[in-house]
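Engineer: Let me give you the structure first, and then I'll get to my questions.
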Amino acid sequence: MKKAPILKGYTLFYLLFLYGPILLLPIFAFNDSKVVAFPLKGLTLNWFAEMAADQNLRTAAKNSLIIAFSVSSISTILGIFAARASVRYNFPGKAPIMGMIMLPLVLPEMIVAMALLVVLLSLGIQLSLFTVIVGQVLICTPFAVAILTSAFQSLDRSLEEASLDLGETAVSTFRLIVLPLVMPGIMASFLICFTISFDEFIIANFLGSGKPILSVYIFGQFRFPAKVPSMLALGTVLVLFSIILLGFAEYMRRRGIAKAGGKDSGGLL
Amino acid sequence: MAKSLGSEAKAGLKLISPTAIYVILLLAVPLATVLIYSVLTGGRGNVSLPITIENYAELWTKAQYGYIMLKSLLVALTVTFITVMLAYPVAYFVSFHVKPERKSLWLFLITIPFWTSYIIRVSLWFVILGYGGIVDSALASIGLPPLNVASYSLLSIVIVLAHAYAPFAVLPIFVSLEKVDRSLLEAGQDLGESRWITFLRVTLPLSMPGVIAAALIVFIPTVGDYVTPELVGDGKEPMIANVIEIQLLKLQNFPQGSAFAVASMLMVGIVSVLFVLWNKRYIGGQK
Amino acid sequence: MTTTDDRPTMIEFKDVHKYYGDYHALRGINGTIKAGEFFSLLGPSGCGKTTLLRTIAGFEDISSGVIMIDGKDMASVAANTRPTNMVFQSYAIFPHMSVEENVGFGLRKDPRSKDEKAAAVAEALGMVGLKGFGKRAAHALSGGQRQRVALARALILKPKVLLLDEPLSALDKKMREHMQVELIKLQRQVGITFILVTHDQEEALVMSDRIAVMFDGEIAQLADPETLYRRPATKKVADFIGTMNFIPATILSEAGDKVEIEAKGLGRVALDIAQAPTPAGEDPVVGLRPETLTLLYDDQKAPERETEGVIDEVIYFGDMTYYDVYLGGTDVEVRLSMRNVPGRPVLDVGTKVRVAWSPSALVLFR
C-alpha cells in the first residue's frame, strides 16, 4: 500500500479531534477537583462513588434499561418481519411501505417526536415510559431492518428449498435453518437498537413527561456545575459500556459471516 | 397476468404487516395529522375548523420565523460544508492508503464516537467551551486570557454539530471511493497525468455520489437538531427544533407549531432536492 | 444400449405449461420418464430445463397440464411430501451443521432409533466415497466433497426420483469427468430414476439412457443418445449435439419412401424417408457428421461414394486432426476428422484430396 504520511497524519489528527472530548471524560472523572478545568489536581474515585450513590440516577438508569430492552426487542422483531418480507417476497406497495419504515432515518428526530406527541396529546393519552418505548421503536426499527436485510440477503435461498425438499415444513425450516443462520444479525440488531435507545434523548425527553430516564437526567444535571464531575464519571462508564456492546456486535456480525461461509463486505453499512 | 394477488404477494404482505401497521399508525398518521393541523385554526391545546392558511401566512409576516429558519439553514449548511470537507481526506486515506484487511478496523474506530451517548458528547462540549472550562483553563495555564467560546453561541453550535456528525460524513464518501475503478486511475497516470490531476478529473467526480449522500446525511439531522442549540447555545440561539418545542409543547399552539414544522420540512426538502439536482451530472454513472 | 421401453413409467408430463407473468416459460411439455433410467434435460441457458426440473420437485407451480409421479397427480402435493429429492446447483449444504448432521437432516422425523439412523448416515457417506467425514464442519469442504454430501443427503431418504440441477458445472474439468463416471455407477447401484439438468451436451451423451433436448420451453427431441446423435429431429438439435456440417441441398423428387436430392459439393443422392425427419420447409440443408467423412490416402478405394476436395485448414489435436475441406470445386466447406495413425500423415493446406462419404449418414432438414 502506498505510503501517504500527510494524509495519515491528518487522519490521525482527525481521529484525535473526534475522540478528544470522549478522552477527556476519564481524565476529569478521576480528577480530584470540583471544577472541570486544568490544571489536574490528583486522582480520586469520589465522583464514581457519588454517581453510584445518587438514588435518582439509579432509578433513571433502571428505567433506561427497561426501555432499551423493550425497544430493542420490539424493533428487532419488527425488523425481522420487514427484512424477511422485503428480501424474499415481491408484493404491491413494497417500495412505499419500506420507504415509510425507513423514513425516520432521514427525518429529524424532533419532527418524529413532535408529530407523535401532538397525536398523543390530542387523544389525551398519558405520557409515560410506554410512550417513550413506542416512539423509540420508530427510530430504531430502520436500523434493525438494515442489519437484518443484510443478514437475510446473505442467506442462500436454496438452503430453505433443500430443507423443504428433505421433508421439513416452512415453519420448521425457519426454526432449523433460517433462524440459526440469521441469529448473528438478530443479535447485532438487538445490540445496536439497545445502544441507540439507551442514549436517545429527544423522544425520552418529550414523550416521557418528566419520568426519570438516564439521558434526560444527564441533560438536566449538566446545568449544575457541582454535579458535573459525577456526570463525567457516569459518562465514562457509559462510553465504556457502548464500546463493549459495539465491539460485541461487530464480533457477532463477523462470526455470523464466517459461519455461513460468506465474505466480509465491511461494517454495519 | 392475474388480476388478483398471487400467493407470493399475499405471503409478503402478511409478513410485513406487523411492521407496516405499526409504522403507519405511529408515523404516517401523526405526520398526516401535523399536516392537517397546520391548516386548521385553534389555540391552546385544541384545534378546530375552519381550514385556513393563516398559520402559514403568520410565518411569512412574523419576521422571527423566517429568521430562525434561515439561521438554522445557514448553520446546517456551514456544518455540512465543514464536516464534508474535513471528512473527505479521511475517507480517501482509508480507501486508498490502508490495507484491505485493515479497512474495516479504521472505519470501526471512526464510527465508535457516533454510537456513544450524544448527550454526553454535547454536554462535554458545553463543559469544554464554557467560561472557565477546559479550553479556558488550558489557555490560562500557558498565560493566555480566557476565550469563553461558549459565549459565541453560533460558533459553539457549529463546532459541536460538526464534531457530532463527522462520522456520518466519512462513511458514504468512503463507500463511493471504494467503488472507483482503480484501473481508471492507473490509465490516467499511464497517459501522463499527475496524481493531483488524476484526482481532480477522475476520482473526485466519481466519488460525488458519496459526497452528496454525506452532505444530505449531515444536513438533514443538523438542521433539525434540538440538543445542541439548547445546551451549548444556552437557548440564546434557537434553531428550528427549539421553536417547534416552544410552539407545540410550551404554548400548545398546535396549528401554528404544525405549520412551522411543515414549512421547515418543506424548506429542508427543497434545499436537499436542489442540491441533488445541481449535482445530477455526477449521479448517473455510479449507483 | 438398454431399452427402457419395457420399464414402468415413473414421471409423466401431460401438456404442461408455465407462465411467469406474461413470459411463457414452458410451452406444452409432453413425455414420460421411465423408472430406473438416467434421464437428462439438455439445452442452452433459458430453455426451461431447470424450470421443468423444479416443477417436478414442487418448487414451482405449473399454470396448466398434469405432472404425474409414480401414477399420482402432483397438483396438490407440496414439495416437502413428494417422492423426489434434489441436488441443488449450489449444493445447498447447511453451513452451520456438520457433514453427518447434513446427511441425517431428512431423517429427523424418521421413527428409527438413533443408532439405526447413525448407521444409515455412515452407509450413505460410504456410498459416495466420504467414509469418515461425518464430524467435519460443512463449511470446511471442497466443491467436490460438498456435492457428494448433497448426494448422500438426498439418497439416504430413498426417493423414487433423484433430481440433479447442473451438479457438475461448478467443478473443474478433471473433477467433472471423474464425477460423471461416479454418478453413472451410483445410479446403477441405487437403481432409482435420476433426472439431470445440464447445458453440456457431451455430459448428457456420456451419462444418459435418454435425453430430452429443449429449446425455448419446448422439447425438440426425446431419445437415447445414439438416436439423437445420428438421427437428430431438427436442424437445431443437430447443431446443438456434437459438431454437424450443413450443406445446402435441393430436393429433386419425392416418391414413396425415397427422396432424391442434389447436395452441393457431393452430387445426387437418394435418401430414405427416415433420413428426412422434418416437414417441408424452406432452405433444405443436409447434415453430415465429421467422422462420417474420410480422406482417402494413396489408392484407397471409397467404400461407397467419393468426391474431390481441397484442404483449407488443418487443426491438429494430437490423437485427431480436423481438416476443413472445400468440397467438389464448390465453396461448400466441411469439417472432417481423421485419427492420426501410422500410414496417415497430417496433410498440408492446399492439398487436393479425395473425400469418401456415405449416403446413409446424411440427414436432410427441409
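The way I read the labels, and the way they are meant: chains A, B, ... in the order of the C-alpha cells, residue 1 as the first residue of every chain, and ligand 1 as the first ligand shown, with later ones counted on from there.
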Identify all chain A residues at most 7 Å from chain B by counting only C-alpha atoms; ligands do not count. Present them as JSON, numbers by chain.

Structural biologist: {"A": [1, 2, 3, 4, 7, 8, 11, 15, 18, 19, 21, 22, 36, 37, 38, 78, 81, 82, 85, 89, 90, 91, 92, 97, 101, 106, 107, 108, 110, 115, 116, 119, 138, 199, 215, 219, 222, 235, 239, 242, 243, 266, 267]}

Engineer: I need the residues in segment 49-155 of chain B that are helix (DSSP H, G or I) according to DSSP; give them as JSON, numbers by chain.

Structural biologist: {"B": [54, 55, 56, 57, 58, 59, 60, 61, 63, 64, 65, 66, 67, 68, 69, 70, 71, 72, 73, 74, 75, 76, 77, 78, 79, 80, 81, 82, 83, 84, 85, 86, 87, 88, 89, 90, 91, 92, 93, 94, 95, 96, 100, 101, 102, 103, 104, 105, 106, 107, 108, 109, 110, 111, 112, 113, 114, 115, 118, 119, 120, 121, 122, 123, 124, 125, 126, 127, 128, 129, 134, 135, 136, 137, 138, 139, 140, 141, 149, 150, 151, 153, 154, 155]}

Engineer: Restrict the selected residues to C-alpha atoms and save them as a short mmCIF file (atom, residue, chain, number, x, y, z; two decimals), in the first residue's frame.

Structural biologist:
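Result file follows (result-v5.cif):
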```cif
data_model
loop_
_atom_site.label_atom_id
_atom_site.label_comp_id
_atom_site.auth_asym_id
_atom_site.auth_seq_id
_atom_site.Cartn_x
_atom_site.Cartn_y
_atom_site.Cartn_z
CA GLU B 54 -53.39 31.84 8.19
CA ASN B 55 -50.83 29.78 10.05
CA TYR B 56 -48.60 29.81 7.03
CA ALA B 57 -49.31 33.48 6.44
CA GLU B 58 -48.14 34.12 10.00
CA LEU B 59 -44.82 32.55 9.15
CA TRP B 60 -44.39 34.99 6.32
CA THR B 61 -45.34 38.08 8.23
CA ALA B 63 -40.01 38.00 10.85
CA GLN B 64 -38.69 35.82 13.63
CA TYR B 65 -39.89 32.61 11.98
CA GLY B 66 -38.14 33.35 8.73
CA TYR B 67 -35.09 34.46 10.65
CA ILE B 68 -34.90 31.23 12.59
CA MET B 69 -35.42 29.06 9.54
CA LEU B 70 -32.75 30.96 7.69
CA LYS B 71 -30.38 30.78 10.64
CA SER B 72 -30.91 27.06 11.01
CA LEU B 73 -30.36 26.64 7.29
CA LEU B 74 -27.11 28.59 7.39
CA VAL B 75 -25.83 26.80 10.47
CA ALA B 76 -26.65 23.46 8.90
CA LEU B 77 -25.05 24.38 5.58
CA THR B 78 -21.92 25.60 7.34
CA VAL B 79 -21.72 22.47 9.42
CA THR B 80 -22.30 20.32 6.36
CA PHE B 81 -19.64 22.07 4.38
CA ILE B 82 -17.05 21.87 7.13
CA THR B 83 -17.85 18.29 8.00
CA VAL B 84 -17.76 17.00 4.45
CA MET B 85 -14.57 18.90 3.61
CA LEU B 86 -12.82 17.57 6.69
CA ALA B 87 -14.14 14.07 6.19
CA TYR B 88 -13.14 13.63 2.56
CA PRO B 89 -9.38 13.29 3.11
CA VAL B 90 -10.04 10.76 5.87
CA ALA B 91 -12.25 8.68 3.62
CA TYR B 92 -9.67 8.94 0.86
CA PHE B 93 -6.92 7.83 3.18
CA VAL B 94 -8.75 4.73 4.35
CA SER B 95 -9.83 3.81 0.85
CA PHE B 96 -6.55 4.31 -0.96
CA PRO B 100 -7.84 -4.02 2.66
CA GLU B 101 -7.91 -6.21 5.73
CA ARG B 102 -7.39 -3.20 7.97
CA LYS B 103 -10.04 -1.02 6.40
CA SER B 104 -12.97 -2.13 8.49
CA LEU B 105 -10.92 -1.62 11.63
CA TRP B 106 -10.25 2.02 10.77
CA LEU B 107 -13.90 2.51 9.89
CA PHE B 108 -14.93 0.92 13.14
CA LEU B 109 -12.68 3.30 15.05
CA ILE B 110 -14.09 6.28 13.17
CA THR B 111 -17.67 5.23 13.83
CA ILE B 112 -17.40 4.46 17.55
CA PRO B 113 -17.93 8.06 18.67
CA PHE B 114 -21.23 8.01 16.79
CA TRP B 115 -22.50 5.23 19.00
CA TYR B 118 -24.98 12.10 22.09
CA ILE B 119 -25.99 13.81 25.29
CA ILE B 120 -22.67 13.06 26.89
CA ARG B 121 -20.75 14.37 23.91
CA VAL B 122 -22.73 17.58 23.66
CA SER B 123 -22.66 18.13 27.39
CA LEU B 124 -18.93 17.62 27.31
CA TRP B 125 -18.51 20.34 24.74
CA PHE B 126 -20.56 22.55 26.98
CA VAL B 127 -18.03 21.96 29.70
CA ILE B 128 -15.06 22.31 27.39
CA LEU B 129 -16.10 25.55 25.78
CA ILE B 134 -11.26 23.15 29.82
CA VAL B 135 -10.29 25.41 26.91
CA ASP B 136 -10.10 28.45 29.12
CA SER B 137 -8.13 26.76 31.86
CA ALA B 138 -5.73 25.30 29.33
CA LEU B 139 -5.20 28.77 27.93
CA ALA B 140 -4.77 30.18 31.42
CA SER B 141 -2.11 27.63 32.29
CA VAL B 149 -16.02 30.16 23.38
CA ALA B 150 -19.42 29.20 24.64
CA SER B 151 -20.47 32.80 24.68
CA SER B 153 -23.28 30.70 20.68
CA LEU B 154 -23.44 30.21 16.96
CA LEU B 155 -19.78 29.36 16.72
#
```

Engineer: Could you list, as a PyMOL selection string, every residue within 6 Å of Ala302 of chain C, counting only C-alpha atoms and ignoring same-chain residues fewer than 2 positions away?

Structural biologist: chain C and resi 304+306+356

Engineer: Just need the residues of chain C within 9 Å of chain A, counting only C-alpha atoms, so spit them out as a count of residues only.

Structural biologist: 30

Engineer: Could you work out which residues of chain C fall inside 10 Å of chain B? Count only C-alpha atoms, and format the result as an MDAnalysis selection string.

Structural biologist: chainID C and resid 19:23

Engineer: So that I can check the surroundings of segment 45-59 of chain A, please list as a ChimeraX atom specification every protein, DNA and RNA residue that reaches within 9 Å of it, counting only C-alpha atoms and ignoring chain neighbours fewer than 5 positions away.

Structural biologist: /A:29-32,64,212-214,217-218,229-234

Engineer: Which polymer residues have any atom within 12 Å of an atom of Asp200 of chain C, counting only C-alpha atoms, with same-chain residues fewer than 2 positions away left out, as a list in words?

Structural biologist: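 The neighbour list is Ser40, Leu41, Leu42, Gly43, Pro44, Ser45, Glu166, Pro167, Leu168, Ser169, Arg176, Gln180, Leu196, Val197, Thr198, Glu202, Glu203, Ala204, Leu205, Val206, Met207, Ile211, Val213, Phe240, Ile241 and Gly242 of chain C.
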
Engineer: Export N, CA and C atoms of the chosen residues as an mmCIF file, in the first residue's frame?

Structural biologist:
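Saved the output as out_23.cif:
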```
data_model
loop_
_atom_site.group_PDB
_atom_site.id
_atom_site.type_symbol
_atom_site.label_atom_id
_atom_site.label_comp_id
_atom_site.auth_asym_id
_atom_site.auth_seq_id
_atom_site.Cartn_x
_atom_site.Cartn_y
_atom_site.Cartn_z
ATOM 1 N N SER C 40 -31.750 -37.124 -18.914
ATOM 2 C CA SER C 40 -31.205 -35.769 -18.878
ATOM 3 C C SER C 40 -32.114 -34.772 -19.561
ATOM 4 N N LEU C 41 -32.157 -33.565 -19.003
ATOM 5 C CA LEU C 41 -32.801 -32.431 -19.661
ATOM 6 C C LEU C 41 -31.667 -31.561 -20.176
ATOM 7 N N LEU C 42 -31.558 -31.456 -21.476
ATOM 8 C CA LEU C 42 -30.419 -30.784 -22.082
ATOM 9 C C LEU C 42 -30.874 -29.601 -22.896
ATOM 10 N N GLY C 43 -30.124 -28.506 -22.816
ATOM 11 C CA GLY C 43 -30.482 -27.351 -23.621
ATOM 12 C C GLY C 43 -29.662 -26.141 -23.215
ATOM 13 N N PRO C 44 -29.698 -25.075 -24.018
ATOM 14 C CA PRO C 44 -28.952 -23.864 -23.688
ATOM 15 C C PRO C 44 -29.601 -23.116 -22.528
ATOM 16 N N SER C 45 -28.920 -22.107 -21.998
ATOM 17 C CA SER C 45 -29.476 -21.331 -20.875
ATOM 18 C C SER C 45 -30.803 -20.717 -21.272
ATOM 19 N N GLU C 166 -27.732 -29.214 -12.689
ATOM 20 C CA GLU C 166 -26.371 -28.860 -13.124
ATOM 21 C C GLU C 166 -25.339 -29.159 -12.044
ATOM 22 N N PRO C 167 -25.274 -30.401 -11.594
ATOM 23 C CA PRO C 167 -24.444 -30.713 -10.433
ATOM 24 C C PRO C 167 -22.957 -30.591 -10.702
ATOM 25 N N LEU C 168 -22.561 -30.686 -11.984
ATOM 26 C CA LEU C 168 -21.125 -30.722 -12.246
ATOM 27 C C LEU C 168 -20.580 -29.395 -12.765
ATOM 28 N N SER C 169 -21.433 -28.409 -12.973
ATOM 29 C CA SER C 169 -20.964 -27.190 -13.640
ATOM 30 C C SER C 169 -19.985 -26.388 -12.804
ATOM 31 N N ARG C 176 -14.957 -32.976 -12.900
ATOM 32 C CA ARG C 176 -16.214 -33.190 -13.593
ATOM 33 C C ARG C 176 -16.233 -34.560 -14.259
ATOM 34 N N GLN C 180 -18.664 -37.662 -13.384
ATOM 35 C CA GLN C 180 -19.595 -38.218 -14.373
ATOM 36 C C GLN C 180 -19.634 -39.738 -14.233
ATOM 37 N N LEU C 196 -31.232 -35.413 -14.690
ATOM 38 C CA LEU C 196 -30.122 -34.469 -14.639
ATOM 39 C C LEU C 196 -30.392 -33.291 -15.560
ATOM 40 N N VAL C 197 -30.144 -32.095 -15.067
ATOM 41 C CA VAL C 197 -30.259 -30.919 -15.925
ATOM 42 C C VAL C 197 -28.851 -30.471 -16.284
ATOM 43 N N THR C 198 -28.591 -30.270 -17.573
ATOM 44 C CA THR C 198 -27.265 -29.795 -17.961
ATOM 45 C C THR C 198 -27.334 -29.026 -19.272
ATOM 46 N N GLU C 202 -22.058 -32.980 -24.187
ATOM 47 C CA GLU C 202 -21.162 -34.130 -24.021
ATOM 48 C C GLU C 202 -21.517 -34.902 -22.767
ATOM 49 N N GLU C 203 -21.740 -34.137 -21.704
ATOM 50 C CA GLU C 203 -22.091 -34.737 -20.415
ATOM 51 C C GLU C 203 -23.355 -35.573 -20.548
ATOM 52 N N ALA C 204 -24.348 -34.981 -21.199
ATOM 53 C CA ALA C 204 -25.618 -35.684 -21.356
ATOM 54 C C ALA C 204 -25.426 -36.967 -22.159
ATOM 55 N N LEU C 205 -24.663 -36.904 -23.228
ATOM 56 C CA LEU C 205 -24.455 -38.083 -24.072
ATOM 57 C C LEU C 205 -23.763 -39.191 -23.291
ATOM 58 N N VAL C 206 -22.779 -38.804 -22.486
ATOM 59 C CA VAL C 206 -21.998 -39.796 -21.752
ATOM 60 C C VAL C 206 -22.833 -40.508 -20.704
ATOM 61 N N MET C 207 -23.675 -39.749 -19.994
ATOM 62 C CA MET C 207 -24.301 -40.308 -18.803
ATOM 63 C C MET C 207 -25.700 -40.878 -19.004
ATOM 64 N N ILE C 211 -32.368 -38.660 -23.411
ATOM 65 C CA ILE C 211 -32.194 -37.220 -23.247
ATOM 66 C C ILE C 211 -33.378 -36.487 -23.852
ATOM 67 N N VAL C 213 -34.001 -32.922 -25.363
ATOM 68 C CA VAL C 213 -33.336 -31.686 -25.774
ATOM 69 C C VAL C 213 -34.381 -30.581 -25.820
ATOM 70 N N PHE C 240 -26.862 -28.550 -32.042
ATOM 71 C CA PHE C 240 -26.548 -28.464 -30.623
ATOM 72 C C PHE C 240 -25.727 -29.658 -30.148
ATOM 73 N N ILE C 241 -26.065 -30.824 -30.684
ATOM 74 C CA ILE C 241 -25.380 -32.053 -30.248
ATOM 75 C C ILE C 241 -24.179 -32.288 -31.143
ATOM 76 N N GLY C 242 -23.027 -32.313 -30.545
ATOM 77 C CA GLY C 242 -21.812 -32.576 -31.309
ATOM 78 C C GLY C 242 -21.595 -31.518 -32.372
#
```
